[in-house]
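Visitor: The structure follows.
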Amino acid sequence: MELPMGEGLRSRSSGLKPIETKRKGGIEEYDMVTVEDEPLSPMARLLQDRRFDVHAVAFMAYKTRISPQPVKEKLVHTLLKHPRFTSLMVVDEENLTDMKWVQTKIDLDQHIIIVEVDETQMESPDKFVEDYIYNLSKTSLDRSKPLWDLHIINVKTRQAESVVVFRVHHSLGDGTSLISLLLACTRQTADDLKLPTIPTKKRRPTPSGYSAKEGLWRLLGKFWLFIVMFVNTAVDVFMFIITTMFLKDTKTPISAPPDFESNKARRIVHRIISLDDLKFVKNAMNVTINDVALGLTQAGLSQYLNRRYAIGGKDKGATERSNNLPNGIRLRSFLCFNLRSSAGIEDLANMMENGSKGKRGWGNWFGYALLPFKIALRDNPLDYVKEAKATVDRKKRSFEALSTLIMAELLIKFFGIKVATEVTWKGFSNSTICFSNLVGPQEEIGFCGYPITYFAPCTYGQPSALMINFQSYINKMIIVIAVDEIAIPDPHQLLDDFEDSLNLIKNAVIEKGLVKNLK
């Protein structure tokens, strides 16, 4: 596999030498730290391909201005304790397919960028930050350094006094691991010794002491569940295979343009909505936050596409019976599931504090799944959530992610990483959306001693024209989208549709008297 390597990024297996990187004004040397090399995982190798040059970006809004020096001092004792953030990706001279993470000394001044701004000459600080991130998405991280950087923008926006943009190459870890590591570097503002509290799913208590008849019914129920999961898995794997071969999503106004491989720039925007509103709908309808998030996403996309299809033609309306949407739109998200047991933020914080090199639960060990989106207008807004719940419940009764992980490993073993990369690329490019939902802290946190108003993670570099991410924080839910402006020239309108859809669903709950379920 051809990789964009900096000059000198080669090492012999019999011993590592200093790495030289040509820069303006001379040659800078990095001395290798004498620790054991670690080979790249198959997924990390896949993400080094030029077509999968995916970067994770965390937009963090602060309540105060940021001074660079305290940030540097804090990072030395937190983030830089993790080996991935002090490692270069190198290629063995004797075996060019052998890629490794090799640790090196790091110069923080090359990773922390202070953005010079003149607020007196700025028409819109929010647009300045948005454009800065857009221009950042046109670039890739320098492979001659550890694959991360941090941009400090001391400009007052509508919702913050300053902004920090944290960028990491996705080959360093999956989204959940990277967010967990970021949160492990933070502390509660109410108590700077306490880590953030992340909500966890409560497990149902295991019943005990049932009769023989009840035991028989339970056994039959488990057998039936196994049959259902087996059939669902077979169907899902079949759909996955034909998607990676030829089955494409319906061509819609939000599909990636033909030249998407040459245009990876993404406009990244966000909208803050009330997490309490999502919980209100969740409790009233006896569903999950995921169900509500997917439901309002389907509703918002349906409203947005209905409007886009009316451009240049006759507007047929926006009701269930009369609208502009074609029948049978196939629109899916190609989801990645990290099946590795994830380390909690406590484990990561302890690792950084103690300086240990343990990486339990770290890295990319992906399985894939296709999540279908129902694109249709509904007169009853609650139907969006009901349909979303049915979709999520159906996906829970399948071993699709595990099966595709096994298939990917077999593909790499027998046909090599290039074939696996091509198959994965086809899967992403034949679907339309990337979608994720991440759980955040329940209380206000501070990063490097500065209190955070909110944070909004997203990615760029993926072939999909639309990336949607939900991130909770205290009583907020932040919807972040990354769009190809050719396909979606009005991303703020799409965010309006998401917000309006939540209000429609919430009002429908009240009108239909479902609030009684909360009592």
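Letters A, B, ... go to the chains of the structure tokens in the order shown; residues in each chain start at 1; ligands are counted from 1 in the same order.
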Running DSSP on the backbone, which parts of segment 247-417 of chain A land in alpha helix (DSSP H), as a count of residues only?

Guide: 74

Visitor: Step one, run DSSP on the backbone; step two, keep only residues of segment 223-344 of chain A assigned to strand (DSSP E or B); then write them as a short mmCIF file (atom, residue, chain, number, x, y, z; two decimals) with C-alpha atoms, in the first residue's frame.

Guide:
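result-v3.cif was written with the following content:
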```cif
data_model
loop_
_atom_site.label_atom_id
_atom_site.label_comp_id
_atom_site.auth_asym_id
_atom_site.auth_seq_id
_atom_site.Cartn_x
_atom_site.Cartn_y
_atom_site.Cartn_z
CA ARG A 267 -18.10 22.36 6.21
CA ILE A 268 -18.50 21.44 9.90
CA VAL A 269 -21.35 23.17 11.74
CA HIS A 270 -23.29 22.38 14.89
CA ARG A 271 -26.48 23.14 16.76
CA ILE A 272 -27.16 22.87 20.51
CA ILE A 273 -30.56 21.49 21.49
CA SER A 274 -32.00 20.49 24.86
CA ALA A 318 -45.24 18.47 2.78
CA ASN A 323 -45.06 15.52 -0.99
CA LEU A 331 -30.55 5.77 2.20
CA ARG A 332 -28.16 4.11 4.64
CA SER A 333 -25.32 4.75 7.02
CA PHE A 334 -22.20 2.56 6.92
CA LEU A 335 -21.54 2.23 10.65
CA CYS A 336 -18.28 1.20 12.28
CA PHE A 337 -18.43 -0.64 15.61
CA ASN A 338 -15.28 -1.05 17.68
#
```

Visitor: Give me, as CSV, the closest atom pair and its distance (Å, one decimal) for every residue of segment 69-116 of chain A within a cut-off of 12 Å of segment 154-162 of chain A, counting only C-alpha atoms, rows sorted by chain and rising number.

Guide:
```
residue,atom,partner,partner_atom,distance
A:Ile113,CA,A:Asn154,CA,11.5
A:Ile114,CA,A:Asn154,CA,8.5
A:Val115,CA,A:Asn154,CA,7.5
A:Glu116,CA,A:Asn154,CA,8.1
```

Visitor: Take the residues that were just selected and, keeping all heavy atoms, output them as a compact mmCIF listing (two decimals), in the first residue's frame.

Guide:
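Saved the output as part.txt:
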```txt
# COMPACT_ATOMS: atom_id res chain seq x y z
N ILE A 113 -0.94 25.15 17.80
CA ILE A 113 -0.99 26.28 16.89
C ILE A 113 -1.80 27.41 17.52
O ILE A 113 -2.97 27.19 17.88
CB ILE A 113 -1.59 25.88 15.53
CG1 ILE A 113 -0.68 24.89 14.82
CG2 ILE A 113 -1.84 27.08 14.65
CD1 ILE A 113 -0.94 23.44 15.12
N ILE A 114 -1.20 28.56 17.66
CA ILE A 114 -1.88 29.74 18.19
C ILE A 114 -2.37 30.56 17.00
O ILE A 114 -1.56 31.07 16.21
CB ILE A 114 -0.96 30.59 19.08
CG1 ILE A 114 -0.19 29.71 20.07
CG2 ILE A 114 -1.77 31.67 19.78
CD1 ILE A 114 -1.05 28.93 21.00
N VAL A 115 -3.66 30.68 16.85
CA VAL A 115 -4.23 31.40 15.71
C VAL A 115 -4.28 32.90 16.03
O VAL A 115 -4.92 33.31 17.00
CB VAL A 115 -5.64 30.87 15.38
CG1 VAL A 115 -6.21 31.60 14.16
CG2 VAL A 115 -5.60 29.36 15.14
N GLU A 116 -3.60 33.68 15.22
CA GLU A 116 -3.58 35.13 15.41
C GLU A 116 -4.86 35.72 14.80
O GLU A 116 -5.15 35.52 13.62
CB GLU A 116 -2.36 35.74 14.75
CG GLU A 116 -1.03 35.22 15.29
CD GLU A 116 -0.78 35.63 16.73
OE1 GLU A 116 -1.39 36.65 17.15
OE2 GLU A 116 0.00 34.96 17.41
```

Visitor: Within 9 Å of Leu504 of chain A, counting only C-alpha atoms, which residues show up once you throw out same-chain ones fewer than 4 positions away? Write them as a list in words, please.

Guide: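 Everything that qualifies: Pro381, Leu382, Glu499, Asp500, Ala508 and Val509 of chain A.
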
Visitor: List as a list in words the protein and nucleic acid residues near segment 40-54 of chain A, meaning an atom at most 7 Å away when only C-alpha atoms are counted, but skip any in the same chain fewer than 3 places from it.

Guide: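 Here the answer would be Leu3, Met99, Lys100, Trp101, His169, His170, Ser171, Glu261, Asn364, Trp365, Ile417, Thr421, Thr459, Tyr460, Gly461 and Gln462 of chain A.
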
Visitor: If we count only C-alpha atoms, what is near Ile241 of chain A at a cut-off of 10 Å, once residues fewer than 6 positions away on the same chain are taken out, given as number ranges by chain?

Guide: A: 247, 404, 407, 423, 427

Visitor: Next, the residues of the selection above should be written as an mmCIF file, in the first residue's frame with N, CA and C atoms.

Guide:
```cif
data_model
loop_
_atom_site.group_PDB
_atom_site.id
_atom_site.type_symbol
_atom_site.label_atom_id
_atom_site.label_comp_id
_atom_site.auth_asym_id
_atom_site.auth_seq_id
_atom_site.Cartn_x
_atom_site.Cartn_y
_atom_site.Cartn_z
ATOM 1 N N LEU A 247 -24.562 -2.785 -4.789
ATOM 2 C CA LEU A 247 -25.819 -2.166 -4.377
ATOM 3 C C LEU A 247 -25.571 -0.770 -3.803
ATOM 4 N N THR A 404 -18.998 -9.227 10.120
ATOM 5 C CA THR A 404 -18.214 -8.457 9.159
ATOM 6 C C THR A 404 -16.778 -8.261 9.638
ATOM 7 N N MET A 407 -15.122 -11.432 8.627
ATOM 8 C CA MET A 407 -14.939 -11.399 7.180
ATOM 9 C C MET A 407 -13.767 -10.501 6.793
ATOM 10 N N VAL A 423 -12.645 -3.076 -0.658
ATOM 11 C CA VAL A 423 -13.977 -3.522 -0.256
ATOM 12 C C VAL A 423 -14.607 -2.528 0.715
ATOM 13 N N GLY A 427 -18.005 -0.061 0.323
ATOM 14 C CA GLY A 427 -19.105 -0.018 1.283
ATOM 15 C C GLY A 427 -19.456 1.403 1.681
#
```

Visitor: Tell me, in Å to one decimal, how far atom CA of His82 of chain A is from atom CA of Met352 of chain A.

Guide: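 Interatomic distance, atom CA of His82 of chain A to atom CA of Met352 of chain A: 6.3 Å.
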
Visitor: My list of candidates is A:Ile452, A:Met122, A:Val168, A:Val163. Which is closest to Ile474 of chain A when distances are computed with only C-alpha atoms?

Guide: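 Under the stated criterion, the closest residue is A:Ile452.
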
Visitor: Between atom CA of Gln471 of chain A and atom CA of Glu353 of chain A, what is the spacing in Å?

Guide: 26.6 Å

Visitor: So that I can check the surroundings of Val165 of chain A, please list as a ChimeraX atom specification every protein, DNA and RNA residue that reaches within 6 Å of it, counting only C-alpha atoms and ignoring chain neighbours fewer than 2 positions away.

Guide: /A:58-59,150-151

Visitor: Pull all heavy atoms from the residues just selected and write them as a compact mmCIF listing (two decimals), in the first residue's frame.

Guide:
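And here is the file that came out, again_2.txt:
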```
# COMPACT_ATOMS: atom_id res chain seq x y z
N ALA A 58 -12.31 17.63 17.34
CA ALA A 58 -13.13 17.98 18.50
C ALA A 58 -13.11 19.49 18.66
O ALA A 58 -12.07 20.10 18.91
CB ALA A 58 -12.61 17.30 19.77
N PHE A 59 -14.28 20.10 18.50
CA PHE A 59 -14.46 21.55 18.66
C PHE A 59 -14.84 21.79 20.12
O PHE A 59 -15.87 21.32 20.58
CB PHE A 59 -15.57 22.01 17.71
CG PHE A 59 -15.96 23.47 17.85
CD1 PHE A 59 -15.44 24.42 17.00
CD2 PHE A 59 -16.86 23.87 18.83
CE1 PHE A 59 -15.81 25.75 17.11
CE2 PHE A 59 -17.24 25.19 18.94
CZ PHE A 59 -16.71 26.14 18.08
N LEU A 150 -3.31 20.77 17.96
CA LEU A 150 -4.30 21.49 18.76
C LEU A 150 -4.23 22.97 18.40
O LEU A 150 -3.15 23.57 18.45
CB LEU A 150 -4.04 21.26 20.24
CG LEU A 150 -5.08 21.74 21.24
CD1 LEU A 150 -5.21 20.75 22.39
CD2 LEU A 150 -4.68 23.10 21.80
N HIS A 151 -5.38 23.53 18.01
CA HIS A 151 -5.44 24.92 17.54
C HIS A 151 -6.19 25.77 18.55
O HIS A 151 -7.36 25.48 18.88
CB HIS A 151 -6.14 24.98 16.18
CG HIS A 151 -5.50 24.12 15.13
ND1 HIS A 151 -4.83 24.64 14.05
CD2 HIS A 151 -5.43 22.77 15.01
CE1 HIS A 151 -4.37 23.66 13.31
NE2 HIS A 151 -4.73 22.50 13.87
```

Visitor: As JSON, numbers by chain, please: the residues near Tyr134 of chain A (cut-off 9 Å, only C-alpha atoms, same-chain neighbours under 3 positions excluded).

Guide: {"A": [129, 130, 131, 137, 138, 265, 266, 267, 268]}

Visitor: Taking into account only C-alpha atoms, which residue in the set A:Asn380, A:His492, A:Phe399, A:Asp236 is nearest to Glu511 of chain A?

Guide: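 Nearest candidate to Glu511 of chain A out of A:Asn380, A:His492, A:Phe399, A:Asp236: A:Asn380.
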
Visitor: Rounded to one decimal, what separation in Å do you get between atom CA of Phe226 of chain A and atom CA of Thr243 of chain A?

Guide: 25.3 Å

Visitor: Hey, which of A:Tyr304, A:Phe373, A:Phe455, A:Tyr309 ends up closest to Gln493 of chain A? Count only C-alpha atoms.

Guide: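 The answer is A:Tyr304, which sits nearest to Gln493 of chain A.
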
Visitor: Looking at A:Lys105, A:Lys248, A:Lys279, A:Arg167, which one is nearest to Ile133 of chain A, with distances taken over only C-alpha atoms?

Guide: A:Arg167
